[in-house]
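Structure, as structure tokens:
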Amino acid sequence: MCKERRAWMMRDDRLTSLAYRGRVYILLLLIVGVMTAIAPNFVTAGNFANILKAAGINLLAGIGFTIVMISGQLDLSIGSAMTMGGMMVVGLEPELGWVGSFSVAILCGVVLGLVNGFLVARTKVNSFIVTLGTMIIVQNAVFLYCRGGTIPASTFELSDWFQRAIAAGMTPQIMLPFIVMGVLAAFLRFTPTGKGFSLVGGNQQTAWYAGLNVQRYLIGAFVLSAILSTLGGAIIAMSEAGANPTMGDSSLMTIVAAVIIGGTSMRGGRGSLTGTTIALVALAALINGLSCRGEGFEVQLMASGLVLASIILYDAYTEHRREMRRGRKPDLLKELRMLSQ
Amino acid sequence: MNDIGIALELKGVSKSYPGTLAVDRVDLAVRTGEVHALIGENGAGKSTLMKIIAGSFDDYTGEVFVGSKNIQLHTPAAARAVGIAMIHQELSLAAPLNIAENILAGRLPARRGIVDRGLMLKDARRWMGLVGLANLDPLTAVETISPHEAQLVEIAKALANRPCILVMDEPTSALSREEVQHLFTVIRRLRRDGLAIIYISHHLPEILEIADRVTVMRDGRKVGTHSIPDVSELQLAEMMIGGAVSDLYAKRRMQPFEERFVVKGITRYGFFHDVSFSIRAGEILGLAGLSGSGRSELARSLCGIDPMDKGSIALSGKPLRFRNYGHAVSEGVVYVPEDRKAQGIALRLSVRENALSAIIPRHSLHGIYSAARGSNLLQGLLRQLEIVPPDPKRIAGTLSGGNQQKVLLAKWFATQPEVLVLDEPTRGVDVGAKVLIHKAIAEIADSGKCVLLISSDLPELVGLSDRIIVMCKGHVIGEMDKARATETSVLLAANGERGALSA
Amino acid sequence: MKGKERLHGILNTLGVYVLVLALFAVGCLLSQEFFTEKNLLNTLGAVALLGIVAVGVAFVTYSQHYLDLSIPGIMALSGIIAVSALPYGFMASLTAGIAVGVTIGLVNGLVVGYLRLNPIIWTLAMMSVLSGVIRKVYAGRQVYPDEATAAGRAFLDLYHTEIFGWLPLPIALLAFIAAAGTVIMWKSGFGARLKLTGSSYEVARMTGVHVPRTVMTAFVICSVSSSIAGILLTSFNRVGAQYIGKGYDFDAITAVVIGGMTLTGGRGSVPGVVGGVIVIALLNNIMSLVKIGDFTIGSFEKTIIQGAIFILVVGINSYVQRTSGLDDA
């Protein structure tokens with residue numbers, strides 16, 4: 001057995017676990033650093049706002065997905081929920097006014113969430129299956145509604161308001177998602193009810209024995225996710241003064257990537273809204289930087305794919321290492337170290 | 001010490017499932033400040049009775065009194081409300097969460113809607129101290145602590161509900177002897193504080209050590225309740241089975257054949273170091289040691305499931321280097337895992353599919369597999385191990401624990417291995433099944449094969465093994481021959497006392 | 001007792017065919033056009049391609065890995081590559097197309113089998129990557145087989161080839177693949193190992209089964225089937241394009257589920273899956289024939305109905321399994 005392997009196996013891995021947990025921040029710093037170096041016009045206040053705006057587009061749906069994942073489930077319908085929200089808000093505005101169409105849109109979100117939640121909680125069907133089905137249904141329903149075309153808003157007043165910079169280039173369109181995210185993150189981390197989601201995701205049986213109403217939590221998670229996605233889509237449509245039926249298409253993939261990169265465990269019970277947020281910002285920065293350099297859409301896609309791939313591989317590697325190390329006795333290692341001296 | 005108040009009383013309690021009467025008019029009285037053991041074979045009704053007490057059923061008949069008040073135990077919440085807490089056999093902690101969040105699950109202290117972290121830590125520490133976990137950080141994630149510590153966290157969690165009745169279902173299955181002693185210290189303290197503890201176990205010596213009284217169940221009925229000083233292990237076993245138990249351990253013929261399986265200097269950094277031993281043909285070699293001594297890890301590395309960093313293995317003189325476990329199985333070196341549910345058998349498949357799953361290549365010709373080729377073998381195994389019901393198409397998950405263990409053993413017996421490595425082969429199995437399994441193991445050895453037996457059940461280890469090697473903290477510290485090996489000497493040796501070993 | 005369980009097993013598999021007969025009856029009742037040669041042949045054609053894909057998917061589902069969401073991408077890319085390789089000859093074209101399937105299958109199998117990544121998330125990612133690759137390499141253009149060359153003509157004729165003069169190639173391929181799939185799943189060592197892996201990954205590992213390799217094989221089977229279907233579909237559409245295969249992933253998993261396979265692995269059969277495919281094709285066909293006054297069922301509505309049926313079937317499946325005591329996730 002060569003010496004190098006032995007040394008590697010006996011190394012103290014406290015440092016690696018720290019890096020593992022803070023990896024989103026490291027990634028963000030890395031990307032910003034690299035982009036600052038190689039992309040022209042990257043470091044301007046206006047561009048900073050652009051990055052946040054791009055991240056903000058998927059932020060609300062991303063938060064919803066994270067909550068569902070913390071509860072131990074998957075929600076594939078977030079993309080189509082976003083599109084639905086956008087379509088409803090803009091499409092119904094002529095008849096119902098902005099307040100009316102907005103309410104209807106959110107209501108649709110609630111219904112979607114209830115359907116998802118009810119099916120998962122009551123019939124105990126796997127959430128991936130349920131949300132795959134509802135995603136297909138909503139996607140096609142939206143297409144039916146708009147007959148495949150874009151729906152423009154009838155007035156530009158609202159979108160002007162959304163796009164008007166308040167401070168340092170921050171517009172309501174950018175700020176709203178982040179504010180909502182902050183509130184929800186605090187709720188999840190600091191209140192007993194919020195912590196309940198982790199318990200439900202960590203071990204449903206335990207949560208039930210502890211007196212938590214598991215069904216209510218599951219339904220709640222899906223309703224939250226649907227509402228947030230719908231809200232996200234509505235905000236985009238209101239800001240851009242129009243909705244197109246492919247709005248939410250690429251969101252699912254980006255959000256899934258961000259959630260995983262951000263450190264939320266796919267098995268449930270452990271997750272971080274801030275992690276997802278930072279990851280979305282990091283990805284947005286990556287894409288922004290690349291487009292500053294003039295790279296096209298495809299390169300951006302591949303770059304995001306590469307980042308996701310590396311994180312996934314790194315995850316698999318650390319998991320493998322942990323498996324191999326599990327049950328190791330430090331006393332024995334110490335003894336061997338002394339013997340070899 | 002015994003406050004003669006009755007904490008829990010069951011009068012004429014029955015519960016039936018479609019087709020069977022699981023519990024038949026059982027009377028049970030548990031005093032405050034007592035450890036009351038409940039024993040019985042698998043299928044005797046212990047689990048169902050415990051589930052009734054935990055409030056899992058709303059359709060039992062009979063009366064339940066908690067502290068002289070007649071209570072309807074129809075929901076788990078009702079059971080909790082009257083102070084009944086249950087520690088299950090399968091740990092029910094939420095793995096990604098930390099210890100404090102688990103102990104205080106569902107009752108996190110909050111001030112004006114926000115979780116009070118300081119109070120949470122203080123509360124958690126208090127319960128952890130009661131169970132002897134004061135040296136752990138409450139913020140440690142539960143998935144990183146050992147099974148022993150996790151079980152103590154379970155108990156702390158149960159205690160945090162301030163119960164007056166604590167039910168423990170097979171609490172020592174996964175513990176080493178020293179961990180069991182630690183647990184007993186905790187139990188004794190709780191008893192002193194007036195808790196009524198119902199202790200379910202298969203392990204008769206343990207019951208004689210920790211319990212005050214014992215109730216024996218058989219076929220859903222109560223056979224009798226006795227004070228511990230008045231009964232012996234043999235009497236208890238007989239009451240459980242319902243007949244005389246002549247000999248708890250199968251007799252063996254000794255065959256001093258040649259060394260067949262030779263292991264030299266194997267090491268896996270951090271798990272075990274420089275282990276060497278050999279097994280003769282026809283020999284059962286016992287592997288003794290406390291939990292954490294590295295026995296299972298050693299076995300898994302021997303069979304190619306886990307890697308080995310140094311050393312060599314040879315079977316009948318042929319050196320072996322396993323690429324993976326499949327390779328080992330094809331060479332005849334097999335490992336029967338201790339966790340039958342998660343690693344042993346596929347609960348959703350039938351008995352036949354499970355039993356023949358390790359020898360698929362043997363019944364395949366050019367890739368075409370015919371399970372029918374194994375039906376004679378299967379019938380023989382079903383008969384030999386007396387698997388009930390003897391129906392190959394039965395789904396494994398519907399069998400009792402003891403029969404599932406038999407299916408697991410059947411699966412590996414079917415491979416006709418050269419070297420059979422057994423890890424806790426009779427864990428959670430009733431006395432009748434144990435005898436059968438021991439007989440089957442002895443038969444395999446007698447046919448000239450090598451058996452490596454890992455067991456925390458000292459009487460089993462001492463009774464079955466021809467020789468015993470002792471592991472302590474990752475090293476093999478010596479061996480004991482049959483004459484020298486008694487439960488006491490093996491225990492001492494496992495604790496590091498080399499004087500107990502043979503020369 | 002044995003006889004009763006055997007009956008149960010047969011009913012499980014053939015139950016879906018009862019549904020087929022029922023739908024057939026409904027079809028005849030609902031529309032004149034249903035029971036015409038043209039209509040039935042069209043339906044059969046739809047069955048063939050979906051069937052080929054669904055049999056492949058069945059292997060992945062059987063192994064407890066739910067399904068492969070990168071199927072549409074594999075189909076499109078196989079078709080495009082096949083057409084692009086036509087200048088090198090017809091056989092080269094087919095080989096290249098299938099090679100695409102093999103490669104992607106190996107990659108998927110590697111990641112899900114060896115690295116143990118969540119199959120849904122990974123195949124979703126793979127789908128995006130394939131989408132991006134197609135878009136980048138072909139920049140939205142579509143590739144047409146050159147009718148002037150012999151290879152090009154052979155390719156265009158591929159879908160319409162008839163064996164023995166009367167049996168359309170796609171149907172023949174389906175029959176062959178379904179038969180092979182049945183044999184592999186039920187009567188091969190690999191099938192038995194796959195079933196064990198599908199029931200419990202850990203138990204399979206501790207039985208000496210080479211789990212990563214078994215999973216990888218399942219994914220390769222799935223991708224190769226998709227490749228074959230993709231090449232045929234491209235031939236039918238006479239153009240290699242990005243949208244080839246769209247919707248096949250969802251249709252395939254619906255067929256698999258209707259056919260009696262559960263998504264938690266280790267249960268189900270290939271004949272059942274074929275039955276599920278027939279059900280879907282019949283359903284689609286009936287829906288397109290429905291005319292109530294001016295009202296016809298468009299493609300969006302059809303998909304919605306299919307989505308609802310999908311959820312319904314899985315829900316019923318799950319409910320039945322729960323109440324019969326077999327604990328499926």
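Note on naming: chains are A, B, ... as they come in the structure tokens, residues start from 1 per chain, ligands start from 1 in the order shown.
If we count only C-alpha atoms, these residues of chain B sit within 7 Å of chain C: Tyr325, Gly326, Val329, Ala342, Gln343, Gly344, Ile345, Ala346, Arg348, Ala358, Ile360, Pro361, Ser364, Gly367, Ile368, Tyr369 and Ser370 of chain B.
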### Task
Compute the set of chain C residues within 10 Å of chain A, using only C-alpha atoms, and express it as number ranges by chain.
C: 66, 111, 114-118, 120-122, 124-129, 131-137, 139, 247, 250, 253-254, 263-264, 298-312, 314-319, 322, 328-329
### Task
Find the residues around Val115 in chain B up to 7 Å (only C-alpha atoms counted), leave out those fewer than 2 positions away in its own chain, and share them as a ChimeraX atom specification.
/A:190-192 /B:108-111,113,117
Next, the residues of the selection above should be written as a PDB file, in the first residue's frame with C-alpha atoms.
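Generated output (out_25.pdb):
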```
ATOM      1  CA  PHE A 190     -37.000  30.846  13.371  1.00  0.00           C
ATOM      2  CA  THR A 191     -40.548  29.773  13.990  1.00  0.00           C
ATOM      3  CA  PRO A 192     -41.689  26.398  15.322  1.00  0.00           C
TER       4      PRO A 192
ATOM      5  CA  LEU B 108     -40.028  23.691  20.320  1.00  0.00           C
ATOM      6  CA  PRO B 109     -40.034  26.444  22.958  1.00  0.00           C
ATOM      7  CA  ALA B 110     -41.007  29.745  21.449  1.00  0.00           C
ATOM      8  CA  ARG B 111     -41.340  33.301  22.567  1.00  0.00           C
ATOM      9  CA  GLY B 113     -43.737  33.068  17.712  1.00  0.00           C
ATOM     10  CA  ARG B 117     -32.799  28.871  20.992  1.00  0.00           C
TER      11      ARG B 117
END
```
### Task
Provide as a ChimeraX atom specification the residues of chain B at most 9 Å from chain A, counting only C-alpha atoms.
/B:76-77,92-97,101-102,104-110,113-117,144,146,269-273,292,297,306-307,309-310,473-474
What would the file look like if the residues just selected were written as a compact mmCIF listing (two decimals), in the first residue's frame with N, CA and C atoms?
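Result file is result.txt:
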```txt
# COMPACT_ATOMS: atom_id res chain seq x y z
N PRO B 76 -52.92 7.60 19.33
CA PRO B 76 -51.61 7.85 19.95
C PRO B 76 -51.63 9.11 20.81
N ALA B 77 -52.40 10.09 20.39
CA ALA B 77 -52.47 11.31 21.18
C ALA B 77 -53.07 11.03 22.55
N SER B 92 -36.98 6.06 15.57
CA SER B 92 -37.82 6.97 14.80
C SER B 92 -37.35 8.39 14.93
N LEU B 93 -36.07 8.60 14.70
CA LEU B 93 -35.58 9.97 14.74
C LEU B 93 -35.51 10.53 13.33
N ALA B 94 -35.53 11.85 13.22
CA ALA B 94 -35.40 12.49 11.92
C ALA B 94 -33.92 12.73 11.68
N ALA B 95 -33.35 11.98 10.72
CA ALA B 95 -31.90 11.97 10.55
C ALA B 95 -31.23 13.31 10.26
N PRO B 96 -31.78 14.15 9.38
CA PRO B 96 -31.02 15.36 9.06
C PRO B 96 -31.07 16.40 10.19
N LEU B 97 -32.01 16.25 11.11
CA LEU B 97 -32.13 17.26 12.15
C LEU B 97 -31.16 16.99 13.29
N GLU B 101 -33.53 19.31 18.18
CA GLU B 101 -34.76 19.37 17.41
C GLU B 101 -35.52 18.06 17.46
N ASN B 102 -34.80 16.98 17.62
CA ASN B 102 -35.47 15.69 17.70
C ASN B 102 -36.12 15.48 19.06
N LEU B 104 -37.10 17.70 21.15
CA LEU B 104 -38.21 18.62 21.38
C LEU B 104 -39.14 18.72 20.17
N ALA B 105 -39.13 17.69 19.33
CA ALA B 105 -39.93 17.74 18.11
C ALA B 105 -41.38 18.07 18.41
N GLY B 106 -41.89 19.04 17.69
CA GLY B 106 -43.29 19.37 17.86
C GLY B 106 -43.56 20.23 19.09
N ARG B 107 -42.53 20.41 19.94
CA ARG B 107 -42.75 21.24 21.12
C ARG B 107 -41.60 22.20 21.33
N LEU B 108 -41.15 22.78 20.20
CA LEU B 108 -40.03 23.69 20.32
C LEU B 108 -40.45 24.91 21.13
N PRO B 109 -39.65 25.30 22.13
CA PRO B 109 -40.03 26.44 22.96
C PRO B 109 -39.95 27.72 22.13
N ALA B 110 -40.97 28.53 22.27
CA ALA B 110 -41.01 29.74 21.45
C ALA B 110 -41.46 30.92 22.27
N GLY B 113 -43.76 33.63 19.06
CA GLY B 113 -43.74 33.07 17.71
C GLY B 113 -42.36 32.71 17.20
N ILE B 114 -41.31 33.14 17.89
CA ILE B 114 -39.96 32.83 17.42
C ILE B 114 -39.38 31.76 18.32
N VAL B 115 -38.66 30.85 17.73
CA VAL B 115 -38.04 29.77 18.49
C VAL B 115 -37.00 30.33 19.47
N ASP B 116 -37.11 29.95 20.73
CA ASP B 116 -36.16 30.40 21.73
C ASP B 116 -35.00 29.43 21.79
N ARG B 117 -33.91 29.80 21.14
CA ARG B 117 -32.80 28.87 20.99
C ARG B 117 -32.15 28.53 22.32
N THR B 144 -25.15 11.57 12.37
CA THR B 144 -23.73 11.34 12.54
C THR B 144 -23.40 10.61 13.84
N SER B 146 -23.76 7.44 16.81
CA SER B 146 -23.83 5.98 16.74
C SER B 146 -25.24 5.49 17.10
N TYR B 269 -7.74 0.56 7.27
CA TYR B 269 -7.38 1.68 8.13
C TYR B 269 -8.60 2.28 8.81
N GLY B 270 -8.54 2.32 10.12
CA GLY B 270 -9.63 2.91 10.86
C GLY B 270 -10.71 1.92 11.27
N PHE B 271 -10.61 0.68 10.79
CA PHE B 271 -11.65 -0.28 11.13
C PHE B 271 -11.10 -1.50 11.85
N PHE B 272 -10.06 -2.09 11.29
CA PHE B 272 -9.43 -3.21 11.98
C PHE B 272 -7.99 -3.31 11.48
N HIS B 273 -7.16 -3.92 12.29
CA HIS B 273 -5.73 -3.87 11.99
C HIS B 273 -5.06 -5.21 12.20
N GLY B 292 -18.46 -2.24 18.15
CA GLY B 292 -17.42 -1.26 17.87
C GLY B 292 -16.05 -1.88 17.81
N GLU B 297 -17.33 -5.13 10.30
CA GLU B 297 -16.48 -4.53 9.27
C GLU B 297 -15.48 -5.55 8.76
N ASP B 306 -16.67 -4.58 1.42
CA ASP B 306 -15.91 -3.37 1.68
C ASP B 306 -14.45 -3.62 1.29
N PRO B 307 -13.70 -2.57 1.01
CA PRO B 307 -12.32 -2.78 0.59
C PRO B 307 -11.41 -3.17 1.75
N ASP B 309 -7.25 -2.83 2.91
CA ASP B 309 -6.04 -2.10 2.54
C ASP B 309 -4.80 -2.97 2.49
N LYS B 310 -4.78 -4.00 3.32
CA LYS B 310 -3.58 -4.85 3.36
C LYS B 310 -4.00 -6.26 3.69
N LYS B 473 -11.34 -3.48 19.92
CA LYS B 473 -10.88 -2.22 19.33
C LYS B 473 -10.10 -2.44 18.04
N GLY B 474 -10.59 -3.30 17.21
CA GLY B 474 -9.99 -3.44 15.90
C GLY B 474 -8.86 -4.44 15.81
```
### DSSP helix (DSSP H, G or I) selection over range 108-260 of chain A, as a ChimeraX atom specification
/A:108-122,127-146,157-163,172-190,192-202,204-209,214-240,251-260
### Task
Go through B:Ala44, B:Ala288, B:Leu136, B:Val451 and flag the residue nearest Ile477 in chain B, using only C-alpha atoms for the distances.
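Selected residue with least distance to Ile477 in chain B: B:Ala288.
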### Task
Would you kindly return, as a ChimeraX atom specification, each protein, DNA or RNA residue with an atom no farther than 10 Å from any atom of range 27-40 of chain C, considering only C-alpha atoms and excluding same-chain residues fewer than 5 positions away?
/C:21-22,45-46,282-283,285-287,289-291
